[in-house]
Each structure stands twice: as C-alpha cells, then as structure tokens.
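Novice: File follows, upload.cif with mmCIF, N, CA and C atoms:
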```cif
data_run
#
loop_
_atom_site.label_atom_id
_atom_site.label_comp_id
_atom_site.auth_asym_id
_atom_site.auth_seq_id
_atom_site.Cartn_x
_atom_site.Cartn_y
_atom_site.Cartn_z
N MET P 1 31.32 11.63 -4.47
CA MET P 1 30.39 10.83 -5.24
C MET P 1 29.87 11.70 -6.38
N GLU P 2 29.76 11.12 -7.56
CA GLU P 2 29.30 11.81 -8.76
C GLU P 2 27.98 12.53 -8.50
N ASP P 3 27.85 13.74 -9.03
CA ASP P 3 26.65 14.57 -8.90
C ASP P 3 26.33 14.89 -7.44
N GLY P 4 27.23 14.61 -6.50
CA GLY P 4 26.98 14.91 -5.11
C GLY P 4 25.93 14.04 -4.46
N ASN P 5 25.50 12.99 -5.13
CA ASN P 5 24.46 12.10 -4.59
C ASN P 5 25.14 10.89 -3.94
N PRO P 6 25.09 10.79 -2.61
CA PRO P 6 25.79 9.69 -1.93
C PRO P 6 25.16 8.32 -2.15
N LEU P 7 23.96 8.25 -2.72
CA LEU P 7 23.34 6.95 -3.00
C LEU P 7 23.96 6.25 -4.21
N LEU P 8 24.51 7.03 -5.14
CA LEU P 8 24.94 6.47 -6.42
C LEU P 8 25.94 5.33 -6.26
N GLY P 9 25.74 4.31 -7.07
CA GLY P 9 26.61 3.15 -7.06
C GLY P 9 25.83 1.90 -6.69
N THR P 10 26.57 0.83 -6.49
CA THR P 10 25.98 -0.46 -6.17
C THR P 10 26.27 -0.80 -4.71
N TRP P 11 25.25 -1.29 -4.05
CA TRP P 11 25.32 -1.65 -2.63
C TRP P 11 24.96 -3.12 -2.48
N SER P 12 25.62 -3.80 -1.54
CA SER P 12 25.36 -5.20 -1.22
C SER P 12 24.55 -5.29 0.06
N LEU P 13 23.63 -6.24 0.11
CA LEU P 13 22.78 -6.42 1.28
C LEU P 13 23.59 -6.90 2.48
N VAL P 14 23.36 -6.26 3.61
CA VAL P 14 23.91 -6.70 4.89
C VAL P 14 22.83 -7.44 5.66
N ALA P 15 21.64 -6.84 5.74
CA ALA P 15 20.54 -7.46 6.47
C ALA P 15 19.22 -6.82 6.06
N TRP P 16 18.15 -7.63 6.11
CA TRP P 16 16.80 -7.12 5.93
C TRP P 16 15.92 -7.77 7.00
N TYR P 17 15.26 -6.92 7.76
CA TYR P 17 14.25 -7.44 8.68
C TYR P 17 13.09 -6.47 8.73
N ASN P 18 11.94 -7.02 9.08
CA ASN P 18 10.72 -6.23 9.26
C ASN P 18 10.36 -6.28 10.73
N GLN P 19 10.01 -5.13 11.28
CA GLN P 19 9.65 -5.06 12.69
C GLN P 19 8.16 -4.76 12.83
N THR P 20 7.48 -5.61 13.60
CA THR P 20 6.05 -5.42 13.84
C THR P 20 5.86 -4.34 14.90
N ARG P 21 4.62 -3.90 15.08
CA ARG P 21 4.33 -2.85 16.07
C ARG P 21 4.71 -3.28 17.48
N ASP P 22 4.65 -4.59 17.76
CA ASP P 22 5.00 -5.06 19.11
C ASP P 22 6.50 -5.36 19.25
N GLY P 23 7.30 -5.00 18.24
CA GLY P 23 8.75 -5.14 18.33
C GLY P 23 9.34 -6.43 17.81
N GLN P 24 8.50 -7.34 17.34
CA GLN P 24 9.01 -8.62 16.80
C GLN P 24 9.75 -8.36 15.49
N LYS P 25 10.93 -8.99 15.33
CA LYS P 25 11.71 -8.88 14.11
C LYS P 25 11.49 -10.12 13.25
N LEU P 26 11.09 -9.89 12.01
CA LEU P 26 10.84 -10.97 11.05
C LEU P 26 11.84 -10.85 9.90
N HIS P 27 12.37 -11.97 9.47
CA HIS P 27 13.32 -12.00 8.35
C HIS P 27 12.65 -12.73 7.18
N PRO P 28 11.97 -11.98 6.29
CA PRO P 28 11.14 -12.61 5.25
C PRO P 28 11.90 -13.58 4.34
N LEU P 29 13.18 -13.32 4.10
CA LEU P 29 13.96 -14.21 3.23
C LEU P 29 15.10 -14.88 4.00
N GLY P 30 14.98 -14.90 5.31
CA GLY P 30 16.01 -15.51 6.15
C GLY P 30 17.08 -14.51 6.55
N ARG P 31 17.79 -14.86 7.61
CA ARG P 31 18.86 -13.99 8.11
C ARG P 31 20.04 -13.92 7.16
N ASP P 32 20.14 -14.90 6.24
CA ASP P 32 21.29 -14.95 5.33
C ASP P 32 20.91 -14.57 3.90
N ALA P 33 19.86 -13.76 3.75
CA ALA P 33 19.46 -13.30 2.41
C ALA P 33 20.61 -12.52 1.76
N THR P 34 20.63 -12.49 0.44
CA THR P 34 21.65 -11.77 -0.31
C THR P 34 20.96 -10.82 -1.29
N GLY P 35 21.69 -9.84 -1.76
CA GLY P 35 21.10 -8.95 -2.74
C GLY P 35 21.93 -7.73 -3.03
N HIS P 36 21.42 -6.95 -3.98
CA HIS P 36 22.05 -5.70 -4.38
C HIS P 36 20.98 -4.66 -4.67
N ILE P 37 21.38 -3.42 -4.48
CA ILE P 37 20.61 -2.29 -4.97
C ILE P 37 21.61 -1.41 -5.71
N CYS P 38 21.19 -0.90 -6.86
CA CYS P 38 22.06 -0.04 -7.65
C CYS P 38 21.32 1.24 -7.99
N TYR P 39 21.94 2.35 -7.65
CA TYR P 39 21.44 3.67 -8.03
C TYR P 39 22.37 4.20 -9.11
N SER P 40 21.85 4.38 -10.32
CA SER P 40 22.68 4.82 -11.44
C SER P 40 22.64 6.35 -11.58
N SER P 41 23.70 6.89 -12.17
CA SER P 41 23.80 8.34 -12.33
C SER P 41 22.76 8.89 -13.31
N ASP P 42 22.15 8.01 -14.11
CA ASP P 42 21.10 8.49 -15.02
C ASP P 42 19.70 8.36 -14.41
N GLY P 43 19.64 8.08 -13.09
CA GLY P 43 18.37 8.16 -12.38
C GLY P 43 17.58 6.89 -12.24
N TYR P 44 18.21 5.74 -12.45
CA TYR P 44 17.51 4.45 -12.32
C TYR P 44 17.94 3.73 -11.05
N VAL P 45 17.01 2.92 -10.52
CA VAL P 45 17.29 2.08 -9.37
C VAL P 45 16.90 0.64 -9.75
N PHE P 46 17.72 -0.31 -9.33
CA PHE P 46 17.47 -1.74 -9.55
C PHE P 46 17.70 -2.46 -8.23
N VAL P 47 16.75 -3.29 -7.82
CA VAL P 47 16.83 -4.00 -6.54
C VAL P 47 16.60 -5.49 -6.77
N GLN P 48 17.46 -6.32 -6.17
CA GLN P 48 17.30 -7.78 -6.20
C GLN P 48 17.72 -8.30 -4.84
N ILE P 49 16.78 -8.92 -4.13
CA ILE P 49 17.09 -9.56 -2.85
C ILE P 49 16.52 -10.97 -2.90
N SER P 50 17.31 -11.95 -2.49
CA SER P 50 16.81 -13.33 -2.50
C SER P 50 17.30 -14.11 -1.29
N ALA P 51 16.55 -15.13 -0.98
CA ALA P 51 16.93 -16.06 0.07
C ALA P 51 18.20 -16.78 -0.37
N ALA P 52 19.01 -17.15 0.59
CA ALA P 52 20.20 -17.96 0.28
C ALA P 52 19.72 -19.39 0.00
N ASN P 53 20.48 -20.12 -0.75
CA ASN P 53 20.22 -21.54 -1.00
C ASN P 53 18.83 -21.80 -1.58
N ARG P 54 18.44 -21.00 -2.58
CA ARG P 54 17.16 -21.23 -3.26
C ARG P 54 17.20 -22.58 -3.96
N VAL P 55 16.06 -23.25 -3.99
CA VAL P 55 15.97 -24.57 -4.62
C VAL P 55 15.90 -24.40 -6.13
N PRO P 56 16.82 -25.01 -6.87
CA PRO P 56 16.79 -24.88 -8.33
C PRO P 56 15.65 -25.67 -8.96
N PHE P 57 15.25 -25.24 -10.15
CA PHE P 57 14.27 -25.98 -10.95
C PHE P 57 14.90 -27.30 -11.39
N ALA P 58 14.07 -28.29 -11.66
CA ALA P 58 14.56 -29.57 -12.16
C ALA P 58 15.25 -29.38 -13.52
N LEU P 59 14.71 -28.46 -14.33
CA LEU P 59 15.30 -28.13 -15.63
C LEU P 59 15.93 -26.75 -15.54
N GLY P 60 16.93 -26.49 -16.38
CA GLY P 60 17.59 -25.19 -16.38
C GLY P 60 16.85 -24.14 -17.20
N ASP P 61 15.57 -24.32 -17.41
CA ASP P 61 14.75 -23.42 -18.22
C ASP P 61 13.99 -22.47 -17.30
N PRO P 62 14.24 -21.13 -17.38
CA PRO P 62 13.56 -20.22 -16.48
C PRO P 62 12.04 -20.21 -16.66
N PHE P 63 11.55 -20.71 -17.78
CA PHE P 63 10.11 -20.80 -18.02
C PHE P 63 9.62 -22.24 -17.93
N GLY P 64 10.46 -23.14 -17.43
CA GLY P 64 10.13 -24.56 -17.41
C GLY P 64 9.83 -25.11 -16.02
N GLY P 65 9.62 -24.23 -15.04
CA GLY P 65 9.35 -24.70 -13.68
C GLY P 65 7.94 -25.23 -13.53
N THR P 66 7.79 -26.17 -12.61
CA THR P 66 6.46 -26.65 -12.26
C THR P 66 5.77 -25.55 -11.45
N MET P 67 4.48 -25.72 -11.17
CA MET P 67 3.76 -24.74 -10.35
C MET P 67 4.43 -24.59 -8.98
N ALA P 68 4.82 -25.71 -8.39
CA ALA P 68 5.46 -25.67 -7.07
C ALA P 68 6.83 -24.97 -7.16
N GLU P 69 7.61 -25.26 -8.20
CA GLU P 69 8.91 -24.61 -8.37
C GLU P 69 8.74 -23.11 -8.59
N ASP P 70 7.78 -22.75 -9.45
CA ASP P 70 7.52 -21.33 -9.72
C ASP P 70 7.12 -20.59 -8.45
N SER P 71 6.24 -21.20 -7.66
CA SER P 71 5.78 -20.57 -6.43
C SER P 71 6.93 -20.38 -5.45
N ALA P 72 7.74 -21.41 -5.28
CA ALA P 72 8.89 -21.33 -4.36
C ALA P 72 9.88 -20.27 -4.84
N ALA P 73 10.11 -20.20 -6.15
CA ALA P 73 11.04 -19.21 -6.69
C ALA P 73 10.51 -17.79 -6.47
N MET P 74 9.22 -17.59 -6.68
CA MET P 74 8.62 -16.27 -6.50
C MET P 74 8.69 -15.83 -5.04
N LYS P 75 8.40 -16.73 -4.14
CA LYS P 75 8.35 -16.40 -2.70
C LYS P 75 9.74 -16.28 -2.06
N SER P 76 10.79 -16.61 -2.80
CA SER P 76 12.13 -16.57 -2.22
C SER P 76 12.97 -15.41 -2.75
N GLN P 77 12.31 -14.40 -3.32
CA GLN P 77 13.05 -13.24 -3.82
C GLN P 77 12.11 -12.05 -3.96
N ILE P 78 12.70 -10.89 -4.07
CA ILE P 78 11.96 -9.67 -4.36
C ILE P 78 12.82 -8.84 -5.30
N THR P 79 12.20 -8.36 -6.36
CA THR P 79 12.92 -7.55 -7.34
C THR P 79 12.03 -6.39 -7.77
N TYR P 80 12.66 -5.28 -8.05
CA TYR P 80 11.94 -4.20 -8.71
C TYR P 80 12.94 -3.22 -9.30
N ALA P 81 12.46 -2.39 -10.22
CA ALA P 81 13.30 -1.40 -10.88
C ALA P 81 12.44 -0.21 -11.27
N GLY P 82 13.10 0.88 -11.55
CA GLY P 82 12.43 2.09 -12.00
C GLY P 82 13.37 3.27 -11.89
N THR P 83 12.80 4.45 -11.74
CA THR P 83 13.59 5.65 -11.55
C THR P 83 13.53 6.05 -10.08
N PHE P 84 14.42 6.97 -9.70
CA PHE P 84 14.41 7.41 -8.31
C PHE P 84 14.67 8.90 -8.21
N GLU P 85 14.22 9.46 -7.08
CA GLU P 85 14.50 10.85 -6.72
C GLU P 85 15.04 10.84 -5.29
N TYR P 86 16.22 11.40 -5.11
CA TYR P 86 16.84 11.48 -3.79
C TYR P 86 16.55 12.84 -3.18
N HIS P 87 16.06 12.85 -1.94
CA HIS P 87 15.69 14.09 -1.26
C HIS P 87 16.41 14.24 0.08
N GLY P 88 17.57 13.62 0.23
CA GLY P 88 18.34 13.76 1.47
C GLY P 88 17.87 12.81 2.55
N SER P 89 16.76 13.11 3.19
CA SER P 89 16.26 12.25 4.27
C SER P 89 15.49 11.04 3.75
N HIS P 90 15.09 11.09 2.48
CA HIS P 90 14.35 9.97 1.90
C HIS P 90 14.59 9.89 0.39
N VAL P 91 14.27 8.74 -0.15
CA VAL P 91 14.37 8.50 -1.59
C VAL P 91 13.03 7.93 -2.05
N VAL P 92 12.60 8.35 -3.23
CA VAL P 92 11.36 7.86 -3.82
C VAL P 92 11.71 6.98 -5.01
N HIS P 93 11.30 5.72 -4.97
CA HIS P 93 11.48 4.79 -6.08
C HIS P 93 10.18 4.78 -6.89
N HIS P 94 10.25 5.19 -8.15
CA HIS P 94 9.09 5.17 -9.05
C HIS P 94 9.15 3.84 -9.79
N VAL P 95 8.36 2.88 -9.37
CA VAL P 95 8.48 1.49 -9.84
C VAL P 95 7.86 1.31 -11.22
N THR P 96 8.67 0.77 -12.15
CA THR P 96 8.19 0.47 -13.51
C THR P 96 8.15 -1.03 -13.79
N GLN P 97 8.93 -1.82 -13.07
CA GLN P 97 8.91 -3.28 -13.15
C GLN P 97 9.03 -3.83 -11.75
N SER P 98 8.35 -4.97 -11.49
CA SER P 98 8.44 -5.57 -10.17
C SER P 98 7.96 -7.01 -10.21
N CYS P 99 8.53 -7.84 -9.32
CA CYS P 99 8.02 -9.20 -9.17
C CYS P 99 6.61 -9.17 -8.58
N CYS P 100 6.27 -8.10 -7.88
CA CYS P 100 4.92 -7.90 -7.35
C CYS P 100 4.20 -6.94 -8.29
N PRO P 101 3.29 -7.44 -9.13
CA PRO P 101 2.64 -6.59 -10.12
C PRO P 101 1.96 -5.36 -9.51
N ASN P 102 1.52 -5.46 -8.27
CA ASN P 102 0.83 -4.34 -7.62
C ASN P 102 1.75 -3.14 -7.38
N TRP P 103 3.06 -3.35 -7.37
CA TRP P 103 3.99 -2.25 -7.15
C TRP P 103 4.22 -1.41 -8.39
N VAL P 104 3.97 -1.98 -9.59
CA VAL P 104 4.21 -1.25 -10.83
C VAL P 104 3.31 0.00 -10.84
N GLY P 105 3.93 1.14 -11.11
CA GLY P 105 3.21 2.40 -11.12
C GLY P 105 3.10 3.08 -9.77
N THR P 106 3.70 2.47 -8.73
CA THR P 106 3.64 3.07 -7.40
C THR P 106 4.93 3.82 -7.09
N GLU P 107 4.85 4.61 -6.05
CA GLU P 107 6.04 5.26 -5.48
C GLU P 107 6.36 4.56 -4.17
N GLN P 108 7.52 3.98 -4.10
CA GLN P 108 8.00 3.33 -2.88
C GLN P 108 8.94 4.30 -2.19
N VAL P 109 8.52 4.84 -1.05
CA VAL P 109 9.31 5.83 -0.33
C VAL P 109 10.13 5.13 0.75
N ARG P 110 11.41 5.44 0.78
CA ARG P 110 12.32 4.86 1.75
C ARG P 110 13.02 5.98 2.50
N GLN P 111 13.05 5.89 3.82
CA GLN P 111 13.85 6.81 4.62
C GLN P 111 15.32 6.42 4.43
N VAL P 112 16.20 7.40 4.41
CA VAL P 112 17.62 7.19 4.13
C VAL P 112 18.44 7.60 5.35
N LYS P 113 19.33 6.71 5.76
CA LYS P 113 20.25 7.02 6.85
C LYS P 113 21.61 6.42 6.52
N PHE P 114 22.64 7.24 6.57
CA PHE P 114 24.01 6.78 6.35
C PHE P 114 24.69 6.63 7.70
N GLU P 115 25.30 5.46 7.95
CA GLU P 115 26.02 5.20 9.19
C GLU P 115 27.26 4.37 8.91
N ASN P 116 28.40 4.82 9.44
CA ASN P 116 29.63 4.03 9.32
C ASN P 116 29.86 3.51 7.90
N GLU P 117 29.72 4.37 6.93
CA GLU P 117 29.90 4.03 5.51
C GLU P 117 28.86 3.06 4.98
N GLY P 118 27.83 2.79 5.76
CA GLY P 118 26.74 1.94 5.32
C GLY P 118 25.50 2.77 5.04
N LEU P 119 24.50 2.12 4.51
CA LEU P 119 23.24 2.76 4.15
C LEU P 119 22.10 1.96 4.75
N ARG P 120 21.17 2.64 5.41
CA ARG P 120 19.95 1.99 5.89
C ARG P 120 18.78 2.65 5.18
N LEU P 121 17.98 1.80 4.52
CA LEU P 121 16.71 2.24 3.95
C LEU P 121 15.61 1.65 4.81
N SER P 122 14.61 2.46 5.13
CA SER P 122 13.51 1.95 5.94
C SER P 122 12.19 2.47 5.39
N ALA P 123 11.14 1.70 5.66
CA ALA P 123 9.80 2.06 5.20
C ALA P 123 8.79 1.69 6.27
N ALA P 124 8.19 2.69 6.89
CA ALA P 124 7.14 2.45 7.88
C ALA P 124 5.83 2.20 7.14
N GLY P 125 4.98 1.37 7.74
CA GLY P 125 3.68 1.10 7.15
C GLY P 125 3.70 0.16 5.96
N ALA P 126 4.80 -0.57 5.79
CA ALA P 126 4.90 -1.53 4.69
C ALA P 126 4.07 -2.78 5.02
N ILE P 127 3.54 -3.41 3.99
CA ILE P 127 2.79 -4.66 4.18
C ILE P 127 3.64 -5.80 3.63
N PHE P 128 4.04 -6.70 4.51
CA PHE P 128 4.78 -7.91 4.13
C PHE P 128 4.20 -9.08 4.88
N GLN P 129 3.97 -10.16 4.17
CA GLN P 129 3.47 -11.39 4.75
C GLN P 129 2.21 -11.13 5.57
N GLY P 130 1.36 -10.23 5.04
CA GLY P 130 0.06 -9.96 5.64
C GLY P 130 0.08 -9.07 6.87
N GLN P 131 1.22 -8.48 7.20
CA GLN P 131 1.33 -7.65 8.39
C GLN P 131 1.85 -6.27 8.04
N GLU P 132 1.37 -5.27 8.77
CA GLU P 132 1.95 -3.93 8.64
C GLU P 132 3.20 -3.88 9.50
N VAL P 133 4.31 -3.50 8.89
CA VAL P 133 5.60 -3.51 9.55
C VAL P 133 6.39 -2.26 9.18
N THR P 134 7.49 -2.06 9.86
CA THR P 134 8.52 -1.13 9.40
C THR P 134 9.65 -2.01 8.88
N ALA P 135 9.97 -1.82 7.60
CA ALA P 135 11.03 -2.60 6.96
C ALA P 135 12.35 -1.86 7.12
N TYR P 136 13.40 -2.60 7.49
CA TYR P 136 14.74 -2.06 7.62
C TYR P 136 15.66 -2.88 6.72
N VAL P 137 16.34 -2.19 5.81
CA VAL P 137 17.27 -2.87 4.90
C VAL P 137 18.61 -2.16 4.99
N ASP P 138 19.61 -2.91 5.40
CA ASP P 138 20.96 -2.36 5.57
C ASP P 138 21.85 -2.81 4.43
N TRP P 139 22.63 -1.86 3.91
CA TRP P 139 23.49 -2.09 2.75
C TRP P 139 24.91 -1.61 3.04
N LYS P 140 25.88 -2.18 2.32
CA LYS P 140 27.26 -1.67 2.32
C LYS P 140 27.69 -1.55 0.87
N ARG P 141 28.66 -0.69 0.62
CA ARG P 141 29.15 -0.52 -0.75
C ARG P 141 29.63 -1.87 -1.30
N ALA P 142 29.19 -2.17 -2.51
CA ALA P 142 29.60 -3.43 -3.16
C ALA P 142 31.05 -3.32 -3.63
N LYS P 143 31.73 -4.44 -3.55
CA LYS P 143 33.10 -4.52 -4.06
C LYS P 143 33.14 -5.58 -5.14
N PRO P 144 33.72 -5.24 -6.29
CA PRO P 144 33.78 -6.23 -7.39
C PRO P 144 34.57 -7.47 -7.02
#
```
Just dump the structure as structure tokens.

Specialist:
Amino acid sequence: MEDGNPLLGTWSLVAWYNQTRDGQKLHPLGRDATGHICYSSDGYVFVQISAANRVPFALGDPFGGTMAEDSAAMKSQITYAGTFEYHGSHVVHHVTQSCCPNWVGTEQVRQVKFENEGLRLSAAGAIFQGQEVTAYVDWKRAKP
C-alpha cells in the first residue's frame, strides 16, 4: 500500500452497529445500510453511510424538500470529511465538514483493526440516538 499506510484507498461498508453497555446491538441505519470511506494519500478522509431504500423527495431538487422530506433525508444518512492521522492502533479524523454541525472542528478517534482483509473501526463512548454506545463499523476494500 502506498506510503506504507494500510488504510489508504476506498472501502465499502459491510456492517455498522452500535452496542450498548448491556450488550444490545442497534443498527441506526438498518442492517442493510450502504456506504464508503475513503482515505486519500494526501491525508483526507471522506465518509458516507446511508440507509438502504431512502425515500426520494417529490421533486428532484436537493434544496426543494419539504420539512418532512428534509428531516427523513437527514436522519437516514451520516456524512463527514476532513483530514486524518493514522497511528497504527487508531486513526484520528479531524472533521472539517459534517452532516452533524457539532462534529465540525472535533477529532473523531477510531480504533483500527484489520481482519481477513477487512477493516473494523470502532469508537467507545460514542453518542448515537441519545445513548452512549461503542460503535463498530466493518469495511471491505471497494471494487470498481
């Protein structure tokens, strides 16, 4: 892998679930969510995860949704981008853009584990849907 960094490249989502302290597994965007994460050689990260079968707007205008359509669209995806630093056991995402305005300017730390040519990113102490959870996101190398 270029620059010796095994994260580099584009990865496709395999699964995302959040685990509560009592062991319950929650799938915020459903078991069939889709997405990509891309780590570029110039130090940027881009993440897009969305629920499958999102409901389209009545109009094809991305700024033309009703309040209900906008809300449903927002709640059925998560996106963010910025720069990253890889440290072997973990990666730090320095967020510069996000669907969640509160993430802009933050450092999102993810534990890194490579297994069977796949990648698992995890974050303990994450807050999703009003609960503190450990988030687990599994990826595989994307194929064009």

Novice: I need the residue set behind the PyMOL selection byres ((chain P and resi 11) around 6) for this file; please write it as a PyMOL selection string.

Specialist: chain P and resi 9-10+12-13+35-38+139-142

Novice: How many Å separate CA of Leu59 in chain P from CA of Lys75 in chain P?

Specialist: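 CA of Leu59 in chain P sits 18.8 Å away from CA of Lys75 in chain P.
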
Novice: Considering only C-alpha atoms, can you say which of P:Ser89, P:Ser98, P:Ser76, P:Thr83 comes closest to Ser41 in chain P?

Specialist: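 With only C-alpha atoms as the atom set, the closest residue is P:Thr83.
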
Novice: Need the axis-aligned box for range 42-57 of chain P with 6 Å each side, so what are the centre and edges in Å to one decimal, as AutoDock Vina command-line options?

Specialist:
```
--center_x 18.2 --center_y -9.4 --center_z -7.2 --size_x 19.9 --size_y 47.8 --size_z 27.6
```

Novice: With only C-alpha atoms as the basis for distance, which of P:Asn5, P:Thr134, P:Ser71, P:Thr20 is at the shortest distance from Asp42 in chain P?

Specialist: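 Checking each of P:Asn5, P:Thr134, P:Ser71, P:Thr20 against Asp42 in chain P, counting only C-alpha atoms, the winner is P:Asn5.
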
Novice: Written as a list in words, what is the full residue list that the PyMOL selection byres ((chain P and resi 27) around 6.5) yields on the file shown?

Specialist: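 With the PyMOL selection byres ((chain P and resi 27) around 6.5) on this model, the match is Trp16, Tyr17, Asn18, Lys25, Leu26, Pro28, Leu29, Gly30 and Arg31 of chain P.
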
Novice: Rank P:Gln24, P:Gln131, P:Thr66, P:Gln77 by their smallest atom-to-atom distance to Gln48 in chain P, using only C-alpha atoms, and report the top residue only.

Specialist: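 Smallest separation from Gln48 in chain P among the options: P:Gln77.
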
Novice: Find, counting all atoms listed in the file, the residue in P:Arg21, P:Cys100, P:Phe84, P:Ala135 that gets nearest to Leu121 in chain P.

Specialist: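 Closest to Leu121 in chain P of all the choices is P:Ala135.
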
Novice: Between atom N of Pro144 in chain P and atom N of Gly43 in chain P, what distance in Å does the model show, to one decimal?

Specialist: 20.5 Å

Novice: Using Å and a single decimal, report how far atom C of His93 in chain P sits from atom C of Gly105 in chain P.

Specialist: 7.8 Å

Novice: Which residues fall under the PyMOL selection byres ((chain P and resi 97) around 6.5) in this file, as a ChimeraX atom specification?

Specialist: /P:79-82,95-96,98-100,103-105

Novice: With only C-alpha atoms as the basis for distance, which of P:Gln111, P:Ser50, P:Ser122, P:Asn102 is at the shortest distance from Gly88 in chain P?

Specialist: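 Going through P:Gln111, P:Ser50, P:Ser122, P:Asn102 one by one, the smallest distance to Gly88 in chain P is for P:Gln111.
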
Novice: Go through range 41-141 of chain P and collect every residue that DSSP, computed from the backbone, puts in strand (DSSP E or B); the answer should be as a PyMOL selection string.

Specialist: chain P and resi 44-50+77-86+90-98+107-115+118-128+131-141

Novice: With distances taken over only N, CA and C atoms, which residue among P:Met67, P:Asn53, P:Asp61, P:Asp138 lies nearest Gly118 in chain P?

Specialist: P:Asp138

Novice: Please complete range 49-56 of chain P with all heavy atoms and give it back as a PDB file, in the coordinates of the input.

Specialist:
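Output file part.pdb follows:
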```pdb
ATOM      1  N   ILE P  49      16.780  -8.920  -4.130  1.00  0.00           N
ATOM      2  CA  ILE P  49      17.090  -9.560  -2.850  1.00  0.00           C
ATOM      3  C   ILE P  49      16.520 -10.970  -2.900  1.00  0.00           C
ATOM      4  O   ILE P  49      15.383 -11.163  -3.337  1.00  0.00           O
ATOM      5  CB  ILE P  49      16.466  -8.797  -1.658  1.00  0.00           C
ATOM      6  CG1 ILE P  49      16.939  -7.353  -1.636  1.00  0.00           C
ATOM      7  CG2 ILE P  49      16.802  -9.496  -0.348  1.00  0.00           C
ATOM      8  CD1 ILE P  49      16.276  -6.503  -0.561  1.00  0.00           C
ATOM      9  N   SER P  50      17.310 -11.950  -2.490  1.00  0.00           N
ATOM     10  CA  SER P  50      16.810 -13.330  -2.500  1.00  0.00           C
ATOM     11  C   SER P  50      17.300 -14.110  -1.290  1.00  0.00           C
ATOM     12  O   SER P  50      18.308 -13.764  -0.672  1.00  0.00           O
ATOM     13  CB  SER P  50      17.195 -14.070  -3.777  1.00  0.00           C
ATOM     14  OG  SER P  50      18.406 -13.715  -4.298  1.00  0.00           O
ATOM     15  N   ALA P  51      16.550 -15.130  -0.980  1.00  0.00           N
ATOM     16  CA  ALA P  51      16.930 -16.060   0.070  1.00  0.00           C
ATOM     17  C   ALA P  51      18.200 -16.780  -0.370  1.00  0.00           C
ATOM     18  O   ALA P  51      18.431 -16.986  -1.564  1.00  0.00           O
ATOM     19  CB  ALA P  51      15.808 -17.057   0.327  1.00  0.00           C
ATOM     20  N   ALA P  52      19.010 -17.150   0.590  1.00  0.00           N
ATOM     21  CA  ALA P  52      20.200 -17.960   0.280  1.00  0.00           C
ATOM     22  C   ALA P  52      19.720 -19.390   0.000  1.00  0.00           C
ATOM     23  O   ALA P  52      18.655 -19.800   0.443  1.00  0.00           O
ATOM     24  CB  ALA P  52      21.156 -17.944   1.468  1.00  0.00           C
ATOM     25  N   ASN P  53      20.480 -20.120  -0.750  1.00  0.00           N
ATOM     26  CA  ASN P  53      20.220 -21.540  -1.000  1.00  0.00           C
ATOM     27  C   ASN P  53      18.830 -21.800  -1.580  1.00  0.00           C
ATOM     28  O   ASN P  53      18.111 -22.690  -1.128  1.00  0.00           O
ATOM     29  CB  ASN P  53      20.407 -22.346   0.292  1.00  0.00           C
ATOM     30  CG  ASN P  53      21.781 -22.123   0.882  1.00  0.00           C
ATOM     31  OD1 ASN P  53      22.776 -22.211   0.170  1.00  0.00           O
ATOM     32  ND2 ASN P  53      21.846 -21.799   2.151  1.00  0.00           N
ATOM     33  N   ARG P  54      18.440 -21.000  -2.580  1.00  0.00           N
ATOM     34  CA  ARG P  54      17.160 -21.230  -3.260  1.00  0.00           C
ATOM     35  C   ARG P  54      17.200 -22.580  -3.960  1.00  0.00           C
ATOM     36  O   ARG P  54      18.230 -23.011  -4.457  1.00  0.00           O
ATOM     37  CB  ARG P  54      16.904 -20.113  -4.270  1.00  0.00           C
ATOM     38  CG  ARG P  54      16.745 -18.762  -3.586  1.00  0.00           C
ATOM     39  CD  ARG P  54      16.684 -17.640  -4.585  1.00  0.00           C
ATOM     40  NE  ARG P  54      15.399 -17.657  -5.260  1.00  0.00           N
ATOM     41  CZ  ARG P  54      15.190 -17.143  -6.460  1.00  0.00           C
ATOM     42  NH1 ARG P  54      16.177 -16.598  -7.134  1.00  0.00           N
ATOM     43  NH2 ARG P  54      14.002 -17.190  -7.002  1.00  0.00           N
ATOM     44  N   VAL P  55      16.060 -23.250  -3.990  1.00  0.00           N
ATOM     45  CA  VAL P  55      15.970 -24.570  -4.620  1.00  0.00           C
ATOM     46  C   VAL P  55      15.900 -24.400  -6.130  1.00  0.00           C
ATOM     47  O   VAL P  55      15.024 -23.688  -6.644  1.00  0.00           O
ATOM     48  CB  VAL P  55      14.722 -25.325  -4.108  1.00  0.00           C
ATOM     49  CG1 VAL P  55      14.584 -26.666  -4.802  1.00  0.00           C
ATOM     50  CG2 VAL P  55      14.789 -25.488  -2.591  1.00  0.00           C
ATOM     51  N   PRO P  56      16.820 -25.010  -6.870  1.00  0.00           N
ATOM     52  CA  PRO P  56      16.790 -24.880  -8.330  1.00  0.00           C
ATOM     53  C   PRO P  56      15.650 -25.670  -8.960  1.00  0.00           C
ATOM     54  O   PRO P  56      15.145 -26.633  -8.372  1.00  0.00           O
ATOM     55  CB  PRO P  56      18.145 -25.433  -8.769  1.00  0.00           C
ATOM     56  CG  PRO P  56      18.575 -26.323  -7.658  1.00  0.00           C
ATOM     57  CD  PRO P  56      17.945 -25.801  -6.402  1.00  0.00           C
TER      58      PRO P  56
END
```
